[in-house]
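File shown: target-v9.txt (compact mmCIF, C-alpha atoms).
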# COMPACT_ATOMS: atom_id res chain seq x y z
CA MET H 1 42.19 150.05 65.73
CA LYS H 2 42.83 148.94 62.19
CA HIS H 3 46.19 147.99 60.72
CA LYS H 4 47.68 147.01 57.40
CA LEU H 5 51.02 145.57 56.35
CA LEU H 6 52.56 148.03 53.89
CA ALA H 7 55.87 146.30 53.14
CA ASN H 8 57.58 143.00 53.90
CA ASP H 9 61.12 142.83 52.54
CA ALA H 10 64.11 140.81 53.79
CA GLY H 11 62.56 140.33 57.22
CA GLU H 12 61.70 144.00 57.63
CA ARG H 13 58.02 144.85 57.93
CA THR H 14 56.29 148.21 57.85
CA PHE H 15 52.76 148.60 59.20
CA ILE H 16 50.28 151.45 59.28
CA LEU H 17 47.95 151.49 62.28
CA ILE H 18 44.89 153.72 62.35
CA LEU H 19 43.47 154.29 65.80
CA GLU H 20 39.95 155.62 66.11
CA GLU H 21 38.13 157.88 68.51
CA GLY H 22 38.07 156.38 72.00
CA ASP H 23 41.00 154.00 71.48
CA GLU H 24 43.66 154.18 74.18
CA ALA H 25 46.88 154.47 72.20
CA PHE H 26 49.47 152.89 74.50
CA ALA H 27 47.30 149.81 75.12
CA CYS H 28 46.54 149.43 71.38
CA LEU H 29 50.23 149.68 70.42
CA THR H 30 51.22 147.19 73.11
CA ALA H 31 48.54 144.72 72.00
CA PHE H 32 49.62 145.10 68.37
CA ALA H 33 53.29 144.47 69.24
CA GLN H 34 52.33 141.36 71.23
CA GLN H 35 50.07 140.07 68.44
CA GLU H 36 52.73 140.56 65.76
CA ARG H 37 55.50 139.24 68.05
CA THR H 38 57.50 142.41 67.43
CA THR H 39 60.98 142.21 68.95
CA ALA H 40 62.65 145.32 67.45
CA ALA H 41 60.88 148.26 65.82
CA SER H 42 60.67 152.03 65.61
CA VAL H 43 57.38 153.86 66.05
CA THR H 44 56.23 157.26 64.75
CA ALA H 45 52.77 158.80 64.91
CA ILE H 46 50.67 161.92 64.44
CA GLY H 47 47.04 162.64 65.26
CA ALA H 48 45.12 163.95 68.25
CA PHE H 49 44.00 163.07 71.79
CA ARG H 50 41.05 164.17 73.87
CA SER H 51 43.22 163.56 76.95
CA ALA H 52 46.63 162.11 77.67
CA THR H 53 49.08 161.34 80.43
CA ILE H 54 52.76 162.02 79.96
CA ALA H 55 55.58 161.83 82.47
CA PHE H 56 58.96 163.24 83.37
CA PHE H 57 61.60 160.93 84.84
CA GLU H 58 62.98 162.47 88.02
CA PHE H 59 66.45 160.99 88.23
CA GLU H 60 66.96 161.80 91.92
CA THR H 61 63.87 159.89 93.03
CA LYS H 62 63.98 157.27 90.23
CA ASN H 63 60.27 157.87 89.63
CA TYR H 64 58.14 159.28 86.86
CA LYS H 65 56.23 162.46 87.65
CA ARG H 66 52.87 162.03 85.94
CA ILE H 67 51.59 165.01 83.96
CA PRO H 68 47.91 164.83 82.99
CA VAL H 69 46.83 166.70 79.86
CA GLU H 70 43.05 166.88 80.23
CA VAL H 71 42.31 168.88 77.07
CA GLN H 72 42.17 168.20 73.36
CA SER H 73 45.69 168.18 71.92
CA GLU H 74 47.42 167.61 68.62
CA VAL H 75 50.03 164.85 68.56
CA LEU H 76 52.81 166.85 66.95
CA SER H 77 55.29 164.02 67.35
CA LEU H 78 55.15 160.60 68.92
CA MET H 79 58.24 158.46 68.53
CA GLY H 80 60.00 155.59 70.17
CA ASP H 81 60.85 151.94 69.96
CA ILE H 82 59.61 148.46 70.72
CA ALA H 83 61.78 145.81 72.33
CA VAL H 84 61.03 142.83 74.59
CA ASP H 85 61.31 142.83 78.36
CA ASP H 86 62.82 140.25 80.69
CA GLU H 87 59.63 138.18 80.46
CA GLY H 88 59.65 138.25 76.65
CA LYS H 89 56.69 140.65 76.40
CA ALA H 90 56.49 143.75 74.24
CA SER H 91 58.18 146.73 75.89
CA LEU H 92 57.38 150.14 74.41
CA HIS H 93 59.42 153.27 75.10
CA LEU H 94 57.64 156.26 73.61
CA HIS H 95 57.95 160.04 73.89
CA VAL H 96 55.38 162.57 72.72
CA VAL H 97 55.04 166.29 72.04
CA LEU H 98 51.46 167.55 72.33
CA GLY H 99 50.30 170.87 70.88
CA LEU H 100 47.62 172.78 72.79
CA SER H 101 45.04 175.23 71.41
CA ASP H 102 47.06 178.28 72.48
CA GLY H 103 50.12 177.09 70.58
CA SER H 104 51.98 175.90 73.67
CA THR H 105 53.30 172.36 73.94
CA ARG H 106 53.63 169.63 76.53
CA GLY H 107 56.05 166.80 76.12
CA GLY H 108 57.48 163.81 77.87
CA HIS H 109 57.42 160.07 78.27
CA PHE H 110 54.14 158.80 76.78
CA LEU H 111 51.98 156.78 79.19
CA GLU H 112 48.42 157.07 77.90
CA GLY H 113 46.38 158.84 75.25
CA HIS H 114 42.68 158.68 74.38
CA VAL H 115 42.31 159.23 70.66
CA ARG H 116 40.05 161.93 69.19
CA PRO H 117 39.54 161.79 66.24
CA THR H 118 42.43 159.65 64.94
CA LEU H 119 46.03 158.59 65.45
CA GLU H 120 48.12 157.45 62.47
CA VAL H 121 51.00 155.21 63.50
CA VAL H 122 53.84 153.75 61.43
CA VAL H 123 55.70 150.76 62.89
CA ARG H 124 58.96 149.78 61.16
CA GLU H 125 60.14 146.39 62.30
CA THR H 126 63.58 144.85 61.80
CA PRO H 127 64.45 141.15 62.10
CA ALA H 128 66.64 141.89 65.14
CA LYS H 129 65.75 141.13 68.74
CA LEU H 130 66.15 143.96 71.22
CA ARG H 131 66.03 143.21 74.95
CA ARG H 132 65.05 145.85 77.48
CA ARG H 133 66.44 145.00 80.93
CA ARG H 134 65.56 146.59 84.23
CA ARG H 135 68.44 148.54 85.75
CA ALA H 136 67.90 148.64 89.51
CA GLU H 137 70.44 151.44 90.02
CA LEU H 138 68.47 153.66 87.63
CA GLY H 139 64.96 152.49 88.44
CA ILE H 140 64.12 151.95 84.76
CA ALA H 141 64.53 149.38 81.99
CA LEU H 142 66.91 150.19 79.13
CA ILE H 143 67.86 148.41 75.95
CA ASP H 144 70.77 146.06 76.57
CA ILE H 145 72.78 146.29 73.34
CA GLY H 146 74.83 143.27 74.43
CA GLN H 147 71.67 141.16 74.20
CA ALA H 148 70.71 142.41 70.72

Show me this structure written as structure tokens.
Amino acid sequence: MKHKLLANDAGERTFILILEEGDEAFACLTAFAQQERTTAASVTAIGAFRSATIAFFEFETKNYKRIPVEVQSEVLSLMGDIAVDDEGKASLHLHVVLGLSDGSTRGGHFLEGHVRPTLEVVVRETPAKLRRRRRAELGIALIDIGQA
């Protein structure tokens, strides 16, 4: 993965990240957020994966149903945010829509994607601090606006 700072104005930074074939996208984005000490940002991306894993949150069971996508797909839309978790580590919440060769789509919570040939990511950071806290009654961590 390569990255470049595109803008730095009044505490707001914008980065472009270029992931290359074989990179695992979620791990690369998490490592980048940790390295840059990102505490509040939005993420958008387009590109393609050779394989990916998405998920659907089943509210009744409080678990994510994993959905493997074991074919080449176009990343039609990947978006989400970066906050920090209860331990102060980068916490990414990303959703993705993948286009398949027959024109159908698969979408859901983004867990993993192996890049082929590229993924172009824009990270827009603000000087705020967003905290994502685990909500036991829901089984997931959500942004706590009271802690922002």

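Shortest atom-to-atom contact with Thr126 in chain H among H:Ala83, H:Ala25, H:Leu76, H:Val69: H:Ala83, counting only C-alpha atoms.
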
field: Straight-line distance linking CA of Ala40 in chain H with CA of Arg133 in chain H, stated in Å to one decimal
entry: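 Going from CA of Ala40 in chain H over to CA of Arg133 in chain H, I get 14.0 Å.
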
task: Extract, using only C-alpha atoms, all DNA, RNA and protein residues at most 8 Å from Leu98 in chain H, discarding same-chain residues fewer than 2 positions from it, and format them as a PyMOL selection string.
output: chain H and resi 73-77+96+100+105-107

- prompt: Neighbours of Ala128 in chain H within 9 Å (only C-alpha atoms; same-chain residues fewer than 2 positions away dropped), as a list in words?
  reply: Thr39, Ala40, Ala41, Glu125, Thr126, Leu130 and Ala148 of chain H

- prompt: Expressed in Å to a single decimal, how great is the separation between CA of Ile46 in chain H and CA of Ala33 in chain H?
  reply: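 If I compute the distance from CA of Ile46 in chain H to CA of Ala33 in chain H, I get 18.3 Å.
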
message: Between H:Phe57, H:Phe49, H:Phe110, H:Tyr64, which residue has the minimum interatomic distance to Asp23 in chain H, considering all atoms listed in the file?
response: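 So, comparing all the options, the nearest one is H:Phe49.
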
field: Nearest-residue call for Ile67 in chain H, choices H:Leu138, H:Leu94, H:Leu29, H:Leu111, using only C-alpha atoms
entry: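 Among the listed residues, the smallest separation from Ile67 in chain H belongs to H:Leu111.
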
task: Identify, on the basis of all atoms listed in the file, every residue whose closest approach to Lys4 in chain H does not exceed 8 Å; exclude the query and any residue fewer than 6 positions from it along the same chain; express the result as a list in words.
output: Phe15, Ile16 and Leu17 of chain H

I need the residues from that last selection saved to file as a PDB file, in the coordinates of the input (with C-alpha atoms), if you can.
ATOM      1  CA  PHE H  15      52.760 148.600  59.200  1.00  0.00           C
ATOM      2  CA  ILE H  16      50.280 151.450  59.280  1.00  0.00           C
ATOM      3  CA  LEU H  17      47.950 151.490  62.280  1.00  0.00           C
TER       4      LEU H  17
END

- prompt: Rounded to one decimal in Å, what is the spacing between CA of Gly146 in chain H and CA of Phe32 in chain H?
  reply: 26.0 Å

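Ranking H:Lys2, H:Arg131, H:Arg124, H:Arg50 by their shortest atom-to-atom distance to Ser91 in chain H, with all atoms listed in the file included, puts H:Arg131 first.
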
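Taking all atoms listed in the file into account, Glu36 in chain H lies nearest to H:Ala90 out of the set H:Val71, H:Ala90, H:Val121, H:Ile54.
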
query: Which one of H:Ala55, H:Lys89, H:Gln72, H:Asp81 sits closest to His109 in chain H if you count all atoms listed in the file?
result: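 Checking each of H:Ala55, H:Lys89, H:Gln72, H:Asp81 against His109 in chain H, counting all atoms listed in the file, the winner is H:Ala55.
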
Within 6 Å of Leu78 in chain H using all atoms listed in the file, minus same-chain residues under 3 positions, as a PDB file with C-alpha atoms, keeping the file's coordinate frame:
ATOM      1  CA  THR H  44      56.230 157.260  64.750  1.00  0.00           C
ATOM      2  CA  ALA H  45      52.770 158.800  64.910  1.00  0.00           C
ATOM      3  CA  HIS H  95      57.950 160.040  73.890  1.00  0.00           C
ATOM      4  CA  VAL H  96      55.380 162.570  72.720  1.00  0.00           C
TER       5      VAL H  96
END
